[in-house]
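Structure below is model.csv: CSV, C-alpha atoms.
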```csv
chain,number,residue,atom,x,y,z
A,1,MET,CA,-1.8,-2.4,12.5
A,2,SER,CA,-3.0,-4.8,9.8
A,3,ILE,CA,-3.2,-3.4,6.3
A,4,GLU,CA,-6.6,-4.0,4.7
A,5,LYS,CA,-8.1,-2.8,1.5
A,6,GLY,CA,-11.4,-0.9,1.2
A,7,ASN,CA,-13.8,-0.5,-1.7
A,8,ILE,CA,-15.4,2.8,-2.7
A,9,LYS,CA,-18.8,1.4,-3.6
A,10,ASP,CA,-19.0,-0.8,-0.5
A,11,LYS,CA,-18.3,2.3,1.7
A,12,LEU,CA,-20.9,4.3,-0.2
A,13,GLN,CA,-23.5,1.8,0.7
A,14,LYS,CA,-22.9,2.3,4.4
A,15,PHE,CA,-24.6,5.7,4.7
A,16,SER,CA,-27.3,7.7,3.0
A,17,ASP,CA,-27.3,11.1,4.6
A,18,HIS,CA,-26.3,14.2,2.6
A,19,TRP,CA,-23.6,16.7,3.3
A,20,ASN,CA,-22.1,14.6,6.1
A,21,PRO,CA,-18.6,13.3,4.9
A,22,LYS,CA,-17.4,10.0,6.2
A,23,ILE,CA,-13.7,9.2,6.7
A,24,ILE,CA,-12.5,6.2,4.8
A,25,GLY,CA,-8.8,6.7,5.2
A,26,GLU,CA,-6.0,8.7,6.8
A,27,LEU,CA,-2.5,9.3,5.6
A,28,ASN,CA,0.1,11.9,6.0
A,29,GLY,CA,-2.2,14.0,8.1
A,30,GLN,CA,-4.8,14.0,5.4
A,31,HIS,CA,-8.2,12.5,5.3
A,32,VAL,CA,-9.8,10.6,2.4
A,33,LYS,CA,-13.6,11.0,2.7
A,34,LEU,CA,-16.8,10.1,0.9
A,35,SER,CA,-19.8,12.3,0.9
A,36,LYS,CA,-23.2,12.3,-0.8
A,37,PHE,CA,-24.4,15.7,-1.9
A,38,LYS,CA,-28.0,16.7,-2.7
A,39,GLY,CA,-29.4,20.2,-2.8
A,40,GLU,CA,-27.5,23.4,-2.1
A,41,PHE,CA,-24.7,23.7,0.3
A,42,ILE,CA,-23.6,27.1,1.8
A,43,TRP,CA,-21.0,29.5,0.5
A,44,HIS,CA,-17.8,29.1,2.5
A,45,LYS,CA,-14.0,28.9,2.2
A,46,HIS,CA,-11.3,27.1,4.0
A,47,ASP,CA,-8.6,29.5,5.2
A,48,ASN,CA,-5.8,27.0,5.5
A,49,GLU,CA,-6.8,23.9,3.5
A,50,ASP,CA,-6.9,23.1,-0.2
A,51,GLU,CA,-9.7,20.7,-1.0
A,52,LEU,CA,-10.1,18.0,-3.7
A,53,PHE,CA,-13.4,16.8,-5.0
A,54,LEU,CA,-13.6,13.7,-7.3
A,55,VAL,CA,-17.0,12.6,-8.6
A,56,ILE,CA,-17.6,8.9,-8.2
A,57,SER,CA,-21.1,8.9,-9.7
A,58,GLY,CA,-23.6,11.6,-10.6
A,59,SER,CA,-22.9,15.2,-11.2
A,60,PHE,CA,-22.9,18.6,-9.4
A,61,VAL,CA,-22.1,22.2,-10.0
A,62,MET,CA,-19.2,23.8,-8.1
A,63,GLU,CA,-20.2,27.5,-7.8
A,64,LEU,CA,-17.4,29.9,-7.6
A,65,ARG,CA,-17.7,33.7,-7.3
A,66,ASP,CA,-16.6,34.2,-10.9
A,67,LYS,CA,-18.0,31.0,-12.6
A,68,ASN,CA,-19.8,27.8,-12.2
A,69,ILE,CA,-18.1,24.5,-13.0
A,70,GLU,CA,-20.2,21.3,-13.7
A,71,LEU,CA,-18.5,18.1,-12.5
A,72,LYS,CA,-19.5,14.7,-13.8
A,73,GLU,CA,-18.3,11.2,-13.1
A,74,GLY,CA,-14.5,11.0,-13.2
A,75,ASP,CA,-14.1,14.8,-13.0
A,76,PHE,CA,-12.1,16.4,-10.2
A,77,ILE,CA,-11.4,19.9,-9.0
A,78,ILE,CA,-9.1,21.4,-6.4
A,79,ILE,CA,-10.4,24.4,-4.5
A,80,PRO,CA,-7.4,26.3,-3.2
A,81,LYS,CA,-7.5,27.7,0.4
A,82,GLY,CA,-9.2,31.0,0.7
A,83,THR,CA,-11.5,30.4,-2.3
A,84,GLU,CA,-15.2,30.8,-1.7
A,85,HIS,CA,-17.2,28.0,-3.2
A,86,ARG,CA,-20.6,26.4,-3.0
A,87,PRO,CA,-21.5,22.9,-4.2
A,88,VAL,CA,-25.0,22.5,-5.6
A,89,ALA,CA,-26.4,19.1,-6.7
A,90,ALA,CA,-29.7,18.9,-8.4
A,91,GLU,CA,-29.7,15.1,-8.0
A,92,GLU,CA,-27.7,13.0,-5.5
A,93,VAL,CA,-24.0,12.8,-6.3
A,94,HIS,CA,-21.3,10.7,-4.7
A,95,VAL,CA,-18.0,12.5,-4.1
A,96,LEU,CA,-14.6,11.5,-2.9
A,97,LEU,CA,-12.8,14.3,-0.9
A,98,PHE,CA,-9.1,14.6,-0.1
A,99,GLU,CA,-8.1,17.3,2.4
A,100,PRO,CA,-6.2,17.9,5.7
A,101,ALA,CA,-7.5,15.9,8.7
A,102,ASN,CA,-8.7,19.1,10.5
A,103,THR,CA,-10.8,20.4,7.7
A,104,VAL,CA,-14.4,21.4,8.7
A,105,ASN,CA,-17.0,20.9,6.0
A,106,THR,CA,-18.4,24.5,6.2
A,107,GLY,CA,-15.0,26.1,6.5
A,108,ASP,CA,-15.2,29.6,7.9
A,109,GLN,CA,-19.0,29.4,8.3
A,110,THR,CA,-21.0,27.7,11.0
A,111,SER,CA,-24.5,26.5,10.2
A,112,ASP,CA,-26.8,23.6,10.7
A,113,LEU,CA,-24.7,21.9,8.0
A,114,THR,CA,-21.5,22.1,10.1
A,115,LYS,CA,-20.2,18.6,11.1
A,116,GLN,CA,-17.5,18.7,13.8
A,117,GLU,CA,-17.2,15.0,14.4
A,118,LEU,CA,-17.0,12.8,11.3
A,119,GLU,CA,-17.7,9.1,11.4
A,120,LYS,CA,-15.1,6.7,10.2
A,121,ILE,CA,-16.5,3.9,8.0
B,1,MET,CA,-4.6,31.0,-10.9
B,2,SER,CA,-7.8,30.0,-12.7
B,3,ILE,CA,-9.5,27.0,-11.2
B,4,GLU,CA,-10.2,24.3,-13.8
B,5,LYS,CA,-11.6,20.8,-13.5
B,6,GLY,CA,-9.8,17.7,-14.8
B,7,ASN,CA,-11.1,14.3,-15.8
B,8,ILE,CA,-9.5,11.0,-14.8
B,9,LYS,CA,-10.2,9.2,-18.0
B,10,ASP,CA,-9.0,12.1,-20.2
B,11,LYS,CA,-5.7,12.3,-18.2
B,12,LEU,CA,-5.2,8.5,-18.5
B,13,GLN,CA,-5.3,8.9,-22.3
B,14,LYS,CA,-2.4,11.2,-22.2
B,15,PHE,CA,0.2,8.6,-21.5
B,16,SER,CA,0.9,4.9,-22.1
B,17,ASP,CA,4.2,4.1,-20.2
B,18,HIS,CA,4.2,1.9,-17.2
B,19,TRP,CA,5.5,2.6,-13.7
B,20,ASN,CA,5.9,6.3,-14.5
B,21,PRO,CA,3.4,8.3,-12.4
B,22,LYS,CA,2.1,11.5,-13.7
B,23,ILE,CA,1.0,14.4,-11.5
B,24,ILE,CA,-2.6,15.5,-12.0
B,25,GLY,CA,-3.0,17.7,-9.0
B,26,GLU,CA,-1.3,19.2,-6.0
B,27,LEU,CA,-2.8,20.3,-2.7
B,28,ASN,CA,-1.6,20.8,0.8
B,29,GLY,CA,1.9,19.6,-0.1
B,30,GLN,CA,0.5,16.3,-1.5
B,31,HIS,CA,0.4,15.1,-5.0
B,32,VAL,CA,-2.5,13.3,-6.8
B,33,LYS,CA,-1.0,11.1,-9.5
B,34,LEU,CA,-2.1,8.6,-12.1
B,35,SER,CA,0.0,5.6,-13.0
B,36,LYS,CA,-0.3,2.6,-15.3
B,37,PHE,CA,1.2,-0.6,-13.9
B,38,LYS,CA,2.1,-3.7,-15.8
B,39,GLY,CA,4.4,-6.4,-14.7
B,40,GLU,CA,6.4,-6.6,-11.5
B,41,PHE,CA,7.7,-3.6,-9.6
B,42,ILE,CA,10.4,-3.8,-7.0
B,43,TRP,CA,10.2,-4.3,-3.3
B,44,HIS,CA,10.6,-1.0,-1.6
B,45,LYS,CA,9.3,1.2,1.3
B,46,HIS,CA,8.9,4.9,1.9
B,47,ASP,CA,10.5,5.9,5.1
B,48,ASN,CA,8.5,9.0,5.6
B,49,GLU,CA,5.4,8.8,3.4
B,50,ASP,CA,2.2,6.9,3.6
B,51,GLU,CA,0.9,6.1,0.1
B,52,LEU,CA,-2.7,5.5,-1.1
B,53,PHE,CA,-3.5,3.4,-4.2
B,54,LEU,CA,-7.0,3.5,-5.7
B,55,VAL,CA,-7.8,1.3,-8.7
B,56,ILE,CA,-9.5,3.2,-11.5
B,57,SER,CA,-9.7,0.2,-13.9
B,58,GLY,CA,-8.1,-3.3,-14.0
B,59,SER,CA,-6.6,-5.1,-11.1
B,60,PHE,CA,-3.3,-5.8,-9.4
B,61,VAL,CA,-1.8,-7.5,-6.4
B,62,MET,CA,-0.1,-5.6,-3.6
B,63,GLU,CA,2.5,-7.9,-2.2
B,64,LEU,CA,3.4,-7.3,1.4
B,65,ARG,CA,5.9,-9.3,3.4
B,66,ASP,CA,3.1,-11.2,5.3
B,67,LYS,CA,0.3,-11.4,2.7
B,68,ASN,CA,-0.8,-10.5,-0.8
B,69,ILE,CA,-3.9,-8.3,-1.4
B,70,GLU,CA,-5.7,-8.3,-4.7
B,71,LEU,CA,-7.1,-4.9,-5.6
B,72,LYS,CA,-9.8,-4.5,-8.2
B,73,GLU,CA,-11.7,-1.5,-9.7
B,74,GLY,CA,-12.9,0.8,-6.9
B,75,ASP,CA,-10.6,-0.9,-4.3
B,76,PHE,CA,-8.1,1.2,-2.4
B,77,ILE,CA,-5.3,0.6,0.1
B,78,ILE,CA,-3.1,2.8,2.2
B,79,ILE,CA,0.5,1.6,2.7
B,80,PRO,CA,1.9,3.1,5.9
B,81,LYS,CA,5.4,4.6,5.9
B,82,GLY,CA,8.1,2.0,6.5
B,83,THR,CA,6.1,-0.9,5.1
B,84,GLU,CA,7.8,-2.9,2.4
B,85,HIS,CA,5.5,-3.5,-0.6
B,86,ARG,CA,5.6,-4.5,-4.2
B,87,PRO,CA,2.8,-4.0,-6.7
B,88,VAL,CA,2.4,-6.7,-9.4
B,89,ALA,CA,0.0,-6.4,-12.3
B,90,ALA,CA,-0.5,-9.4,-14.6
B,91,GLU,CA,-2.4,-7.1,-17.0
B,92,GLU,CA,-2.3,-3.3,-17.3
B,93,VAL,CA,-4.0,-1.5,-14.4
B,94,HIS,CA,-4.8,2.2,-14.0
B,95,VAL,CA,-4.2,3.5,-10.5
B,96,LEU,CA,-4.7,6.8,-8.7
B,97,LEU,CA,-2.1,7.7,-6.1
B,98,PHE,CA,-2.2,10.2,-3.2
B,99,GLU,CA,1.1,10.9,-1.4
B,100,PRO,CA,3.4,13.7,-0.3
B,101,ALA,CA,4.8,15.8,-3.1
B,102,ASN,CA,8.4,14.6,-2.4
B,103,THR,CA,7.6,10.9,-2.7
B,104,VAL,CA,9.9,8.9,-4.9
B,105,ASN,CA,8.3,5.9,-6.6
B,106,THR,CA,10.9,3.4,-5.6
B,107,GLY,CA,11.1,4.7,-2.1
B,108,ASP,CA,14.4,3.6,-0.4
B,109,GLN,CA,15.5,1.7,-3.5
B,110,THR,CA,17.2,3.1,-6.6
B,111,SER,CA,16.8,1.2,-9.8
B,112,ASP,CA,16.0,1.6,-13.5
B,113,LEU,CA,12.4,2.1,-12.4
B,114,THR,CA,13.3,5.2,-10.3
B,115,LYS,CA,11.6,8.4,-11.6
B,116,GLN,CA,13.0,11.6,-10.1
B,117,GLU,CA,11.2,14.1,-12.2
B,118,LEU,CA,7.5,13.4,-12.8
B,119,GLU,CA,5.5,15.0,-15.6
B,120,LYS,CA,2.5,17.1,-14.9
B,121,ILE,CA,-0.4,16.3,-17.2
```
Using structure tokens, write down the structure that the file contains.
Amino acid sequence: MSIEKGNIKDKLQKFSDHWNPKIIGELNGQHVKLSKFKGEFIWHKHDNEDELFLVISGSFVMELRDKNIELKEGDFIIIPKGTEHRPVAAEEVHVLLFEPANTVNTGDQTSDLTKQELEKI
Amino acid sequence: MSIEKGNIKDKLQKFSDHWNPKIIGELNGQHVKLSKFKGEFIWHKHDNEDELFLVISGSFVMELRDKNIELKEGDFIIIPKGTEHRPVAAEEVHVLLFEPANTVNTGDQTSDLTKQELEKI
């Protein structure tokens, strides 16, 4: 397999849909993903996966049951497994995710927002 | 454990040494690290760990045995386990790393550059 570089901004230009993470890399059984958030997601948790969110541009609020955390460009947060959370973005925000390859976006919940098969870009 | 956010640029201001990665997060047995590169590292490989490099600012060249790849801001590359590589930075560059928590920076090589105990910032 030939080793090639990728570019975050180039990858972000390849899609426009919200709440539908795209896979941009895989290593050690983990996926690196990009997603665009806008609006309110659903409350959910991941029973077995910790999840990292890193803001590439824009801002959003990570709602937790005991507090809300606003994340701006360059901010990151790790949501430990089992922790209920809900991302809410008043305006579109671009986010890098790092999580195990089997992670489902809506965790323990199933809804119209659930994406089972993610596109690799 | 209380969940707190971090900021990449704030973390980068906490250290100035080169080739000495700092741990900024841990999830799923993986570490998220920041490092500042300047100059030439050594040729090495990681026998069991894939390694991701994402350029936060600046640029560097990832030398592989069959080609060199220049990485600029926003560029990322995954070096698969077993692949010899050597990062070279003409000027200081700030890099985010994702890799398993047990990854040693010089891989299968031991040198003055080897860091066994990484600081968490």
Take chain A, superimpose it onto chain B by least squares using every C-alpha atom paired in sequence order, and output the result as a PDB file with C-alpha atoms, in the coordinates of the input.
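Result file result-v4.pdb:
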```pdb
ATOM      1  CA  MET A   1      -4.638  31.100 -10.800  1.00  0.00           C
ATOM      2  CA  SER A   2      -7.792  29.989 -12.620  1.00  0.00           C
ATOM      3  CA  ILE A   3      -9.574  26.990 -11.178  1.00  0.00           C
ATOM      4  CA  GLU A   4     -10.239  24.312 -13.798  1.00  0.00           C
ATOM      5  CA  LYS A   5     -11.565  20.833 -13.531  1.00  0.00           C
ATOM      6  CA  GLY A   6      -9.789  17.704 -14.813  1.00  0.00           C
ATOM      7  CA  ASN A   7     -11.119  14.296 -15.786  1.00  0.00           C
ATOM      8  CA  ILE A   8      -9.502  11.010 -14.768  1.00  0.00           C
ATOM      9  CA  LYS A   9     -10.107   9.179 -18.026  1.00  0.00           C
ATOM     10  CA  ASP A  10      -8.994  12.115 -20.179  1.00  0.00           C
ATOM     11  CA  LYS A  11      -5.674  12.257 -18.205  1.00  0.00           C
ATOM     12  CA  LEU A  12      -5.244   8.507 -18.557  1.00  0.00           C
ATOM     13  CA  GLN A  13      -5.343   8.830 -22.259  1.00  0.00           C
ATOM     14  CA  LYS A  14      -2.391  11.195 -22.272  1.00  0.00           C
ATOM     15  CA  PHE A  15       0.301   8.595 -21.542  1.00  0.00           C
ATOM     16  CA  SER A  16       0.910   4.909 -22.012  1.00  0.00           C
ATOM     17  CA  ASP A  17       4.138   4.112 -20.261  1.00  0.00           C
ATOM     18  CA  HIS A  18       4.181   1.854 -17.177  1.00  0.00           C
ATOM     19  CA  TRP A  19       5.471   2.572 -13.735  1.00  0.00           C
ATOM     20  CA  ASN A  20       5.960   6.276 -14.470  1.00  0.00           C
ATOM     21  CA  PRO A  21       3.344   8.289 -12.352  1.00  0.00           C
ATOM     22  CA  LYS A  22       2.062  11.523 -13.738  1.00  0.00           C
ATOM     23  CA  ILE A  23       0.982  14.436 -11.518  1.00  0.00           C
ATOM     24  CA  ILE A  24      -2.558  15.549 -12.048  1.00  0.00           C
ATOM     25  CA  GLY A  25      -2.946  17.720  -9.009  1.00  0.00           C
ATOM     26  CA  GLU A  26      -1.293  19.311  -5.986  1.00  0.00           C
ATOM     27  CA  LEU A  27      -2.786  20.330  -2.702  1.00  0.00           C
ATOM     28  CA  ASN A  28      -1.639  20.753   0.788  1.00  0.00           C
ATOM     29  CA  GLY A  29       1.815  19.583  -0.113  1.00  0.00           C
ATOM     30  CA  GLN A  30       0.454  16.389  -1.526  1.00  0.00           C
ATOM     31  CA  HIS A  31       0.399  15.102  -5.013  1.00  0.00           C
ATOM     32  CA  VAL A  32      -2.504  13.370  -6.788  1.00  0.00           C
ATOM     33  CA  LYS A  33      -1.025  11.098  -9.498  1.00  0.00           C
ATOM     34  CA  LEU A  34      -2.073   8.572 -12.108  1.00  0.00           C
ATOM     35  CA  SER A  35       0.029   5.647 -13.040  1.00  0.00           C
ATOM     36  CA  LYS A  36      -0.357   2.594 -15.271  1.00  0.00           C
ATOM     37  CA  PHE A  37       1.136  -0.570 -13.866  1.00  0.00           C
ATOM     38  CA  LYS A  38       2.079  -3.712 -15.824  1.00  0.00           C
ATOM     39  CA  GLY A  39       4.446  -6.433 -14.720  1.00  0.00           C
ATOM     40  CA  GLU A  40       6.363  -6.554 -11.457  1.00  0.00           C
ATOM     41  CA  PHE A  41       7.620  -3.582  -9.645  1.00  0.00           C
ATOM     42  CA  ILE A  42      10.477  -3.790  -7.036  1.00  0.00           C
ATOM     43  CA  TRP A  43      10.213  -4.306  -3.311  1.00  0.00           C
ATOM     44  CA  HIS A  44      10.644  -0.977  -1.541  1.00  0.00           C
ATOM     45  CA  LYS A  45       9.283   1.190   1.291  1.00  0.00           C
ATOM     46  CA  HIS A  46       8.868   4.833   1.863  1.00  0.00           C
ATOM     47  CA  ASP A  47      10.479   5.910   5.139  1.00  0.00           C
ATOM     48  CA  ASN A  48       8.482   9.057   5.673  1.00  0.00           C
ATOM     49  CA  GLU A  49       5.394   8.860   3.428  1.00  0.00           C
ATOM     50  CA  ASP A  50       2.132   6.949   3.637  1.00  0.00           C
ATOM     51  CA  GLU A  51       0.852   6.058   0.201  1.00  0.00           C
ATOM     52  CA  LEU A  52      -2.692   5.577  -1.194  1.00  0.00           C
ATOM     53  CA  PHE A  53      -3.510   3.456  -4.169  1.00  0.00           C
ATOM     54  CA  LEU A  54      -7.040   3.548  -5.742  1.00  0.00           C
ATOM     55  CA  VAL A  55      -7.772   1.315  -8.732  1.00  0.00           C
ATOM     56  CA  ILE A  56      -9.494   3.142 -11.544  1.00  0.00           C
ATOM     57  CA  SER A  57      -9.701   0.152 -13.892  1.00  0.00           C
ATOM     58  CA  GLY A  58      -8.123  -3.291 -13.949  1.00  0.00           C
ATOM     59  CA  SER A  59      -6.638  -5.129 -11.080  1.00  0.00           C
ATOM     60  CA  PHE A  60      -3.258  -5.803  -9.371  1.00  0.00           C
ATOM     61  CA  VAL A  61      -1.800  -7.582  -6.426  1.00  0.00           C
ATOM     62  CA  MET A  62      -0.183  -5.538  -3.636  1.00  0.00           C
ATOM     63  CA  GLU A  63       2.500  -7.881  -2.188  1.00  0.00           C
ATOM     64  CA  LEU A  64       3.323  -7.359   1.374  1.00  0.00           C
ATOM     65  CA  ARG A  65       5.878  -9.340   3.415  1.00  0.00           C
ATOM     66  CA  ASP A  66       3.140 -11.161   5.315  1.00  0.00           C
ATOM     67  CA  LYS A  67       0.328 -11.358   2.642  1.00  0.00           C
ATOM     68  CA  ASN A  68      -0.778 -10.502  -0.777  1.00  0.00           C
ATOM     69  CA  ILE A  69      -3.792  -8.262  -1.341  1.00  0.00           C
ATOM     70  CA  GLU A  70      -5.656  -8.259  -4.756  1.00  0.00           C
ATOM     71  CA  LEU A  71      -7.088  -4.843  -5.679  1.00  0.00           C
ATOM     72  CA  LYS A  72      -9.820  -4.453  -8.254  1.00  0.00           C
ATOM     73  CA  GLU A  73     -11.677  -1.483  -9.636  1.00  0.00           C
ATOM     74  CA  GLY A  74     -12.886   0.807  -6.846  1.00  0.00           C
ATOM     75  CA  ASP A  75     -10.594  -0.822  -4.251  1.00  0.00           C
ATOM     76  CA  PHE A  76      -8.051   1.242  -2.334  1.00  0.00           C
ATOM     77  CA  ILE A  77      -5.256   0.561   0.095  1.00  0.00           C
ATOM     78  CA  ILE A  78      -3.004   2.732   2.221  1.00  0.00           C
ATOM     79  CA  ILE A  79       0.562   1.560   2.674  1.00  0.00           C
ATOM     80  CA  PRO A  80       1.874   3.138   5.851  1.00  0.00           C
ATOM     81  CA  LYS A  81       5.468   4.556   5.879  1.00  0.00           C
ATOM     82  CA  GLY A  82       8.101   2.008   6.548  1.00  0.00           C
ATOM     83  CA  THR A  83       6.077  -0.879   5.059  1.00  0.00           C
ATOM     84  CA  GLU A  84       7.758  -2.908   2.362  1.00  0.00           C
ATOM     85  CA  HIS A  85       5.495  -3.546  -0.564  1.00  0.00           C
ATOM     86  CA  ARG A  86       5.610  -4.596  -4.175  1.00  0.00           C
ATOM     87  CA  PRO A  87       2.867  -4.034  -6.757  1.00  0.00           C
ATOM     88  CA  VAL A  88       2.500  -6.753  -9.372  1.00  0.00           C
ATOM     89  CA  ALA A  89       0.027  -6.477 -12.294  1.00  0.00           C
ATOM     90  CA  ALA A  90      -0.504  -9.367 -14.571  1.00  0.00           C
ATOM     91  CA  GLU A  91      -2.446  -7.133 -16.988  1.00  0.00           C
ATOM     92  CA  GLU A  92      -2.319  -3.318 -17.280  1.00  0.00           C
ATOM     93  CA  VAL A  93      -4.034  -1.517 -14.419  1.00  0.00           C
ATOM     94  CA  HIS A  94      -4.779   2.161 -13.989  1.00  0.00           C
ATOM     95  CA  VAL A  95      -4.139   3.538 -10.498  1.00  0.00           C
ATOM     96  CA  LEU A  96      -4.724   6.808  -8.777  1.00  0.00           C
ATOM     97  CA  LEU A  97      -2.028   7.635  -6.108  1.00  0.00           C
ATOM     98  CA  PHE A  98      -2.229  10.157  -3.276  1.00  0.00           C
ATOM     99  CA  GLU A  99       1.003  10.870  -1.382  1.00  0.00           C
ATOM    100  CA  PRO A 100       3.362  13.705  -0.260  1.00  0.00           C
ATOM    101  CA  ALA A 101       4.810  15.824  -3.106  1.00  0.00           C
ATOM    102  CA  ASN A 102       8.392  14.545  -2.433  1.00  0.00           C
ATOM    103  CA  THR A 103       7.590  10.904  -2.646  1.00  0.00           C
ATOM    104  CA  VAL A 104       9.903   8.867  -4.981  1.00  0.00           C
ATOM    105  CA  ASN A 105       8.247   5.934  -6.700  1.00  0.00           C
ATOM    106  CA  THR A 106      10.901   3.345  -5.598  1.00  0.00           C
ATOM    107  CA  GLY A 107      11.167   4.703  -2.091  1.00  0.00           C
ATOM    108  CA  ASP A 108      14.355   3.613  -0.389  1.00  0.00           C
ATOM    109  CA  GLN A 109      15.556   1.716  -3.487  1.00  0.00           C
ATOM    110  CA  THR A 110      17.140   3.080  -6.619  1.00  0.00           C
ATOM    111  CA  SER A 111      16.756   1.147  -9.852  1.00  0.00           C
ATOM    112  CA  ASP A 112      16.036   1.612 -13.487  1.00  0.00           C
ATOM    113  CA  LEU A 113      12.416   2.086 -12.366  1.00  0.00           C
ATOM    114  CA  THR A 114      13.278   5.162 -10.249  1.00  0.00           C
ATOM    115  CA  LYS A 115      11.623   8.375 -11.618  1.00  0.00           C
ATOM    116  CA  GLN A 116      13.016  11.577 -10.068  1.00  0.00           C
ATOM    117  CA  GLU A 117      11.206  14.058 -12.237  1.00  0.00           C
ATOM    118  CA  LEU A 118       7.492  13.425 -12.785  1.00  0.00           C
ATOM    119  CA  GLU A 119       5.568  15.008 -15.610  1.00  0.00           C
ATOM    120  CA  LYS A 120       2.542  17.064 -14.852  1.00  0.00           C
ATOM    121  CA  ILE A 121      -0.414  16.351 -17.175  1.00  0.00           C
TER     122      ILE A 121
END
```
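The closest residue to Lys11 in chain B, picked from B:Ala90, B:Leu118, B:Leu96, B:Leu64 and counting all atoms listed in the file, is B:Leu96.
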* Contacts of Lys72 in chain A within 7 Å, only C-alpha atoms, excl. fewer than 6 positions in-chain, as JSON, numbers by chain -> {"A": [55, 58, 59, 60]}
Can you write just those residues out, C-alpha atoms, as a PDB file, in the coordinates of the input?
```pdb
ATOM      1  CA  VAL A  55     -17.000  12.600  -8.600  1.00  0.00           C
ATOM      2  CA  GLY A  58     -23.600  11.600 -10.600  1.00  0.00           C
ATOM      3  CA  SER A  59     -22.900  15.200 -11.200  1.00  0.00           C
ATOM      4  CA  PHE A  60     -22.900  18.600  -9.400  1.00  0.00           C
TER       5      PHE A  60
END
```
Listing only residues of chain A within 6 Å of chain B, what is the closest atom pair and its distance in Å (to one decimal) for each, using all atoms listed in the file, sorted by chain and residue number ascending, as CSV?
```
residue,atom,partner,partner_atom,distance
A:Lys5,CA,B:Ile77,CA,4.6
A:Gly6,CA,B:Phe76,CA,5.3
A:Asn7,CA,B:Asp75,CA,4.1
A:Ile8,CA,B:Gly74,CA,5.3
A:Leu27,CA,B:Asp50,CA,5.6
A:Asn28,CA,B:Asp50,CA,5.9
A:Asp50,CA,B:Leu27,CA,5.6
A:Gly74,CA,B:Ile8,CA,5.2
A:Asp75,CA,B:Asn7,CA,4.1
A:Phe76,CA,B:Gly6,CA,5.3
A:Ile77,CA,B:Lys5,CA,4.6
```
* With a distance cut-off of 10 Å and only C-alpha atoms, select the neighbouring residues of Glu40 in chain A, excluding the residue or stretch itself and same-chain residues fewer than 5 positions from it, and output the selection as a list in words. => Trp19, Phe60, Val61, Arg86, Pro87, Val88, Ala89 and Ala90 of chain A
* **Which of B:Val104, B:Leu113, B:Ile121, B:Val93 sits closest to His46 in chain B [using only C-alpha atoms]** =>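 Checking each of B:Val104, B:Leu113, B:Ile121, B:Val93 against His46 in chain B, counting only C-alpha atoms, the winner is B:Val104.
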* Asked: Using all atoms listed in the file, which of the listed residues (A:Thr110, A:Ala101, A:Asp47, A:His94) sits closest to Gln13 in chain A?
  -> A:His94
Padding of 5 Å on every side, edges along x, y and z, all listed atoms of range 56-64 of chain A included: what centre and edge lengths in Å, to one decimal, does that box have, as AutoDock Vina command-line options?
```
--center_x -20.5 --center_y 19.4 --center_z -9.4 --size_x 16.2 --size_y 31.0 --size_z 13.6
```
* Asked: B:Gln116, B:Ser57, B:Ser35, B:Asn68: which is nearest Thr103 in chain B, counting only C-alpha atoms?
  -> B:Gln116
* Asked: Between CA of Glu91 in chain A and CA of Phe37 in chain A, what is the spacing in Å?
  ->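 Value for the CA of Phe37 in chain A-CA of Glu91 in chain A distance: 8.1 Å.
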* **Shell around Lys22 in chain A at 6 Å using only C-alpha atoms, local window under 4 positions removed, as a list in words** =>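 Contacts, with the query itself left out: Lys33, Leu34, Leu118, Glu119 and Lys120 of chain A.
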Would you export the selected residues with C-alpha atoms as a short mmCIF file (atom, residue, chain, number, x, y, z; two decimals), keeping the file's coordinate frame, please?
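New file out-v6.cif:
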```cif
data_model
loop_
_atom_site.label_atom_id
_atom_site.label_comp_id
_atom_site.auth_asym_id
_atom_site.auth_seq_id
_atom_site.Cartn_x
_atom_site.Cartn_y
_atom_site.Cartn_z
CA LYS A 33 -13.60 11.00 2.70
CA LEU A 34 -16.80 10.10 0.90
CA LEU A 118 -17.00 12.80 11.30
CA GLU A 119 -17.70 9.10 11.40
CA LYS A 120 -15.10 6.70 10.20
#
```
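Between CA of Leu97 in chain B and CA of His31 in chain B the interatomic distance comes to 7.9 Å.
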* To do: Record the distance separating CA of His85 in chain B and CA of Ile23 in chain B, expressed in Å with one decimal.
  =>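 CA of Ile23 in chain B lies at a distance of 21.4 Å from CA of His85 in chain B.
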* Asked: Between A:Lys115, A:Lys14, A:Lys38, A:Arg65, which one has atoms that come closest to Gly82 in chain A, using all atoms listed in the file?
  ->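 Result for the nearest residue to Gly82 in chain A: A:Arg65.
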